[in-house]
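Data file: run_5.txt. Format and content: compact mmCIF, C-alpha atoms.
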```
# COMPACT_ATOMS: atom_id res chain seq x y z
CA MET A 1 56.83 29.16 206.37
CA ILE A 2 58.23 26.39 204.15
CA SER A 3 57.84 22.89 205.57
CA SER A 4 60.67 20.39 205.31
CA ALA A 5 60.18 17.05 203.60
CA SER A 6 60.28 15.31 206.97
CA ASP A 7 57.17 17.26 208.02
CA LEU A 8 55.08 15.95 205.14
CA PRO A 9 52.59 13.09 205.48
CA PRO A 10 54.14 9.68 204.72
CA ARG A 11 53.08 7.58 201.73
CA LEU A 12 52.06 3.92 202.02
CA GLY A 13 54.67 3.08 204.64
CA SER A 14 52.41 0.59 206.42
CA LEU A 15 51.73 -1.51 203.32
CA THR A 16 53.71 -4.61 202.40
CA PHE A 17 51.84 -5.08 199.10
CA HIS A 18 50.02 -2.38 197.17
CA GLY A 19 46.75 -4.29 197.14
CA PRO A 20 44.47 -6.51 199.26
CA LEU A 21 46.91 -9.41 199.49
CA SER A 22 47.77 -11.29 202.67
CA GLU A 23 51.14 -12.80 203.51
CA ALA A 24 49.62 -16.30 203.46
CA ARG A 25 48.06 -15.89 200.01
CA ALA A 26 51.24 -14.31 198.64
CA ASP A 27 53.28 -17.25 199.94
CA ARG A 28 51.02 -19.75 198.19
CA MET A 29 51.06 -17.85 194.90
CA ILE A 30 54.84 -17.50 195.02
CA ALA A 31 55.33 -21.21 195.78
CA ARG A 32 53.22 -22.23 192.77
CA LEU A 33 55.11 -19.83 190.52
CA ALA A 34 58.58 -20.73 191.81
CA ALA A 35 57.86 -24.44 191.33
CA THR A 36 57.92 -23.84 187.56
CA GLU A 37 61.56 -22.62 187.86
CA PRO A 38 61.17 -19.50 185.71
CA ALA A 39 64.30 -18.04 184.15
CA ASP A 40 62.87 -14.55 183.83
CA VAL A 41 60.04 -12.71 185.57
CA LEU A 42 58.40 -9.48 184.43
CA ASP A 43 56.38 -7.38 186.89
CA ILE A 44 54.04 -4.94 185.12
CA GLY A 45 53.09 -1.93 187.23
CA CYS A 46 55.43 -3.27 189.87
CA GLY A 47 55.31 -0.42 192.39
CA TRP A 48 58.07 -1.25 194.85
CA GLY A 49 58.11 -4.86 193.64
CA GLU A 50 57.64 -6.73 196.90
CA LEU A 51 56.04 -9.73 195.24
CA LEU A 52 58.67 -9.75 192.48
CA LEU A 53 61.48 -9.77 195.03
CA ARG A 54 59.90 -12.64 196.91
CA VAL A 55 59.54 -14.64 193.69
CA LEU A 56 63.25 -14.12 193.00
CA GLU A 57 64.10 -15.27 196.51
CA ALA A 58 62.03 -18.42 195.97
CA ALA A 59 63.41 -19.03 192.46
CA PRO A 60 67.15 -18.45 192.83
CA MET A 61 67.95 -19.00 189.14
CA ALA A 62 65.51 -16.33 187.96
CA LYS A 63 66.15 -12.74 187.00
CA GLY A 64 63.48 -10.08 187.16
CA ALA A 65 62.42 -6.75 185.74
CA GLY A 66 59.87 -4.43 187.25
CA ILE A 67 58.38 -1.59 185.21
CA ASP A 68 56.31 1.29 186.53
CA ILE A 69 55.92 5.02 186.01
CA ASN A 70 56.17 5.98 189.69
CA ALA A 71 59.78 6.92 190.40
CA GLU A 72 59.30 7.02 194.17
CA ASP A 73 58.00 3.45 194.29
CA LEU A 74 60.79 2.25 192.01
CA ALA A 75 63.41 3.82 194.26
CA ARG A 76 61.88 1.97 197.22
CA GLY A 77 62.08 -1.26 195.21
CA ARG A 78 65.77 -0.73 194.42
CA ALA A 79 66.49 -0.11 198.08
CA LEU A 80 64.66 -3.29 199.08
CA ALA A 81 66.52 -5.28 196.42
CA GLY A 82 69.84 -3.99 197.68
CA ALA A 83 69.01 -4.79 201.29
CA ARG A 84 68.11 -8.38 200.34
CA GLY A 85 71.13 -9.00 198.13
CA LEU A 86 69.06 -9.11 194.94
CA ALA A 87 70.33 -5.99 193.18
CA ASP A 88 72.27 -8.03 190.61
CA ARG A 89 69.20 -10.10 189.68
CA VAL A 90 66.54 -7.44 189.28
CA GLU A 91 66.08 -4.09 187.57
CA PHE A 92 63.43 -1.49 188.31
CA VAL A 93 62.74 0.65 185.26
CA GLU A 94 60.65 3.80 184.93
CA GLU A 95 58.78 3.23 181.69
CA SER A 96 55.32 2.61 180.25
CA ALA A 97 54.13 -0.95 179.80
CA LEU A 98 52.04 -0.04 176.77
CA GLY A 99 53.40 -2.00 173.80
CA THR A 100 56.43 -3.14 175.79
CA ASP A 101 58.97 -5.36 174.06
CA ARG A 102 60.18 -6.97 177.31
CA GLY A 103 58.73 -10.35 176.41
CA PRO A 104 58.49 -13.17 175.97
CA VAL A 105 59.32 -14.30 179.50
CA ASP A 106 58.57 -17.35 181.62
CA ALA A 107 56.46 -15.56 184.21
CA ILE A 108 54.56 -12.30 184.54
CA LEU A 109 53.15 -10.54 187.57
CA CYS A 110 50.39 -8.03 186.86
CA LEU A 111 48.53 -7.17 190.03
CA GLY A 112 46.09 -4.31 189.78
CA SER A 113 47.97 -2.95 186.79
CA SER A 114 46.33 -4.33 183.65
CA GLN A 115 45.30 -0.79 182.69
CA ALA A 116 49.00 -0.15 181.98
CA LEU A 117 48.68 -2.49 178.99
CA CYS A 118 45.70 -0.65 177.48
CA ASP A 119 45.29 2.51 175.43
CA PRO A 120 44.92 5.30 178.02
CA GLU A 121 42.60 7.19 175.67
CA GLN A 122 40.08 4.33 175.71
CA PRO A 123 38.05 2.66 178.48
CA HIS A 124 39.89 -0.07 180.33
CA ASP A 125 39.70 -3.26 178.27
CA PRO A 126 40.58 -6.45 180.19
CA ALA A 127 40.33 -8.50 176.99
CA ALA A 128 43.03 -6.36 175.36
CA ALA A 129 45.16 -6.59 178.49
CA LEU A 130 44.89 -10.38 178.52
CA ARG A 131 45.89 -10.55 174.86
CA GLU A 132 48.95 -8.46 175.67
CA LEU A 133 49.84 -10.71 178.58
CA ARG A 134 49.60 -13.73 176.29
CA ARG A 135 51.91 -12.01 173.80
CA LEU A 136 54.47 -11.36 176.54
CA VAL A 137 54.62 -14.84 178.08
CA ARG A 138 56.12 -17.98 176.55
CA PRO A 139 53.95 -21.04 175.85
CA GLY A 140 53.63 -22.94 179.10
CA GLY A 141 54.59 -19.86 181.08
CA ARG A 142 52.64 -18.40 183.96
CA VAL A 143 50.83 -15.12 184.52
CA VAL A 144 49.66 -14.08 187.96
CA LEU A 145 46.93 -11.53 187.30
CA GLY A 146 45.23 -9.43 189.97
CA GLU A 147 42.12 -7.92 188.43
CA GLY A 148 39.01 -6.20 189.73
CA PHE A 149 35.55 -7.72 189.25
CA TRP A 150 32.06 -7.01 190.54
CA GLU A 151 31.09 -9.35 193.36
CA ARG A 152 27.55 -8.18 192.65
CA THR A 153 26.07 -5.45 190.47
CA PRO A 154 26.47 -2.15 192.33
CA THR A 155 23.45 0.03 193.01
CA GLU A 156 23.18 3.54 191.62
CA GLU A 157 23.81 4.90 195.11
CA GLU A 158 26.98 2.85 195.45
CA LEU A 159 28.22 3.89 192.02
CA ALA A 160 27.65 7.55 192.89
CA ALA A 161 29.88 7.10 195.96
CA MET A 162 32.75 5.49 194.00
CA TRP A 163 35.30 7.10 191.70
CA PRO A 164 34.14 9.84 189.30
CA GLY A 165 32.12 8.43 186.43
CA ALA A 166 31.88 4.93 187.92
CA SER A 167 29.55 2.62 186.01
CA THR A 168 28.61 -1.05 185.97
CA GLY A 169 30.68 -1.40 182.80
CA ASP A 170 33.91 -0.64 184.65
CA HIS A 171 34.31 -4.29 185.67
CA LEU A 172 33.10 -7.76 184.71
CA SER A 173 31.80 -10.62 186.81
CA LEU A 174 34.38 -13.18 187.91
CA GLY A 175 33.04 -15.75 185.46
CA ALA A 176 33.21 -13.34 182.53
CA LEU A 177 36.76 -12.35 183.47
CA VAL A 178 37.93 -15.96 183.54
CA ASP A 179 36.19 -16.62 180.22
CA LEU A 180 38.19 -13.76 178.68
CA ALA A 181 41.42 -15.32 179.96
CA VAL A 182 40.53 -18.59 178.24
CA GLU A 183 39.68 -16.75 175.01
CA ALA A 184 43.07 -14.99 175.15
CA GLY A 185 44.94 -18.30 175.16
CA PHE A 186 45.26 -19.25 178.84
CA ARG A 187 44.09 -22.03 181.09
CA PRO A 188 43.05 -20.80 184.56
CA ALA A 189 45.17 -23.04 186.78
CA TRP A 190 44.15 -21.31 190.02
CA ILE A 191 41.28 -18.94 190.78
CA GLU A 192 41.08 -17.12 194.10
CA THR A 193 39.72 -13.82 195.36
CA ALA A 194 40.68 -11.34 198.06
CA SER A 195 38.86 -11.80 201.35
CA ALA A 196 37.06 -9.09 203.32
CA GLU A 197 39.91 -9.21 205.84
CA GLU A 198 42.52 -8.64 203.12
CA TRP A 199 40.53 -5.66 201.84
CA GLU A 200 40.29 -4.13 205.31
CA GLU A 201 44.00 -4.63 205.96
CA PHE A 202 44.79 -2.91 202.68
CA GLU A 203 42.34 -0.03 202.95
CA SER A 204 43.26 0.78 206.54
CA GLY A 205 46.96 0.32 205.87
CA TYR A 206 46.69 2.58 202.82
CA ARG A 207 45.65 5.49 205.02
CA TYR A 208 47.11 4.56 208.41
CA ASP A 209 50.29 6.63 208.36
CA THR A 210 48.49 9.65 206.93
CA GLU A 211 45.69 9.44 209.52
CA VAL A 212 48.24 9.29 212.34
CA TRP A 213 50.10 12.22 210.81
CA LEU A 214 46.89 14.26 210.54
CA ALA A 215 46.07 13.64 214.20
CA ALA A 216 49.53 14.90 215.18
CA HIS A 217 49.65 17.87 212.77
CA PRO A 218 46.16 19.41 212.64
CA GLY A 219 47.53 22.89 211.94
CA HIS A 220 50.10 21.91 209.32
CA PRO A 221 49.90 23.95 206.08
CA LEU A 222 49.10 20.75 204.18
CA ALA A 223 46.67 19.32 206.73
CA ALA A 224 43.44 20.63 205.19
CA GLU A 225 44.08 19.32 201.66
CA THR A 226 45.46 16.05 203.00
CA ARG A 227 42.44 15.58 205.27
CA GLU A 228 40.07 16.26 202.37
CA ARG A 229 41.86 13.74 200.14
CA VAL A 230 41.94 11.00 202.77
CA ASP A 231 38.32 11.56 203.81
CA ARG A 232 37.29 11.28 200.17
CA GLN A 233 39.27 8.06 199.71
CA ARG A 234 37.79 6.48 202.81
CA SER A 235 34.24 7.44 201.84
CA THR A 236 34.74 5.99 198.35
CA TRP A 237 35.55 2.66 199.96
CA LEU A 238 33.05 2.57 202.83
CA ASN A 239 30.10 4.08 200.96
CA GLY A 240 30.95 2.87 197.49
CA TYR A 241 32.87 -0.28 196.61
CA ARG A 242 33.24 -2.08 199.97
CA ARG A 243 32.05 -5.69 199.48
CA VAL A 244 30.96 -4.78 195.95
CA LEU A 245 34.30 -4.63 194.15
CA GLY A 246 36.37 -7.78 194.36
CA ILE A 247 39.93 -8.61 193.37
CA ALA A 248 40.56 -11.89 191.57
CA TYR A 249 44.00 -13.47 191.68
CA LEU A 250 44.29 -15.70 188.65
CA THR A 251 47.25 -17.97 188.01
CA LEU A 252 47.10 -18.48 184.25
CA VAL A 253 49.05 -20.95 182.12
CA ALA A 254 49.77 -19.94 178.52
CA VAL A 255 48.52 -22.53 176.07
CA ALA A 256 51.25 -23.96 173.85
```

Can the structure in the file be given as structure tokens, please?
Amino acid sequence: MISSASDLPPRLGSLTFHGPLSEARADRMIARLAATEPADVLDIGCGWGELLLRVLEAAPMAKGAGIDINAEDLARGRALAGARGLADRVEFVEESALGTDRGPVDAILCLGSSQALCDPEQPHDPAAALRELRRLVRPGGRVVLGEGFWERTPTEEELAAMWPGASTGDHLSLGALVDLAVEAGFRPAWIETASAEEWEEFESGYRYDTEVWLAAHPGHPLAAETRERVDRQRSTWLNGYRRVLGIAYLTLVAVA
């Protein structure tokens, strides 16, 4: 029996932002960015571009571009832009950010997506990503960077429960990350980190719709593989990186 698309588990429908970011923190970040009156905003790894759209609403003279390689998320972003009357001020483009020529711009959003600026054949290099961000933003412009860091050094047991091949070298400390931003040509105007509550809202919201679907469709042809995937994701969080991996939100100003 072939299942219809409507029978399939939903994807990320309960998330506003694709990351541990609260409405209150997003509002504050957007207000600081909009106060600079940017003319153009680039969102790298934009997903469905919720934060980008809110920046454009707060900065009515700005135009925006969101780039990502996930066509489904980009389609969601276009639909949201149309519903909010922003379709003529924003474009969502399916393309790689590696070596992009979409700069320089006044403001960049890069939340959880700095790997898109790095060579995919090499380990993730936040220093290289920060240099790319500096290349893409005008002097005096702003970058809002969401980047992972170790809140503390993970134990071997915790690393074994994380993603395949996880190691202490996968992330830096918060201090080392900020130092790299300074070396790349930024001043760290605002430093903040995701709270435990923001993480729990994100992690639970990430799986909520799928968990509800699994409870209602235990015999579905896709239930077993979906259950295995979601159980693995949840275990990676609870037994691996919970309260070990942090997310820093850095508002960076490009040095003239």

If you count only C-alpha atoms, which residues fall within 8 Å of stretch 213-228 of chain A, apart from same-chain ones fewer than 4 positions away, as a PyMOL selection string? chain A and resi 8-10+209+232

Given the choices A:Val90, A:Val55, A:Leu159, A:Ala181, which gets closest to A:Leu109 if the distance is worked out from all atoms listed in the file?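 Under the stated criterion, the closest residue is A:Val55.
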
Work out how far atom CA of A:Leu56 is from atom CA of A:Ala75, in Å to one decimal. 18.0 Å

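Interatomic distance, atom CA of A:Gly13 against atom CA of A:Met29: 23.4 Å.
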
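Comparing A:Val212, A:Ala59, A:Val244, A:Ala24 by their smallest distance to A:Ala161, the closest is A:Val244 (using all atoms listed in the file).
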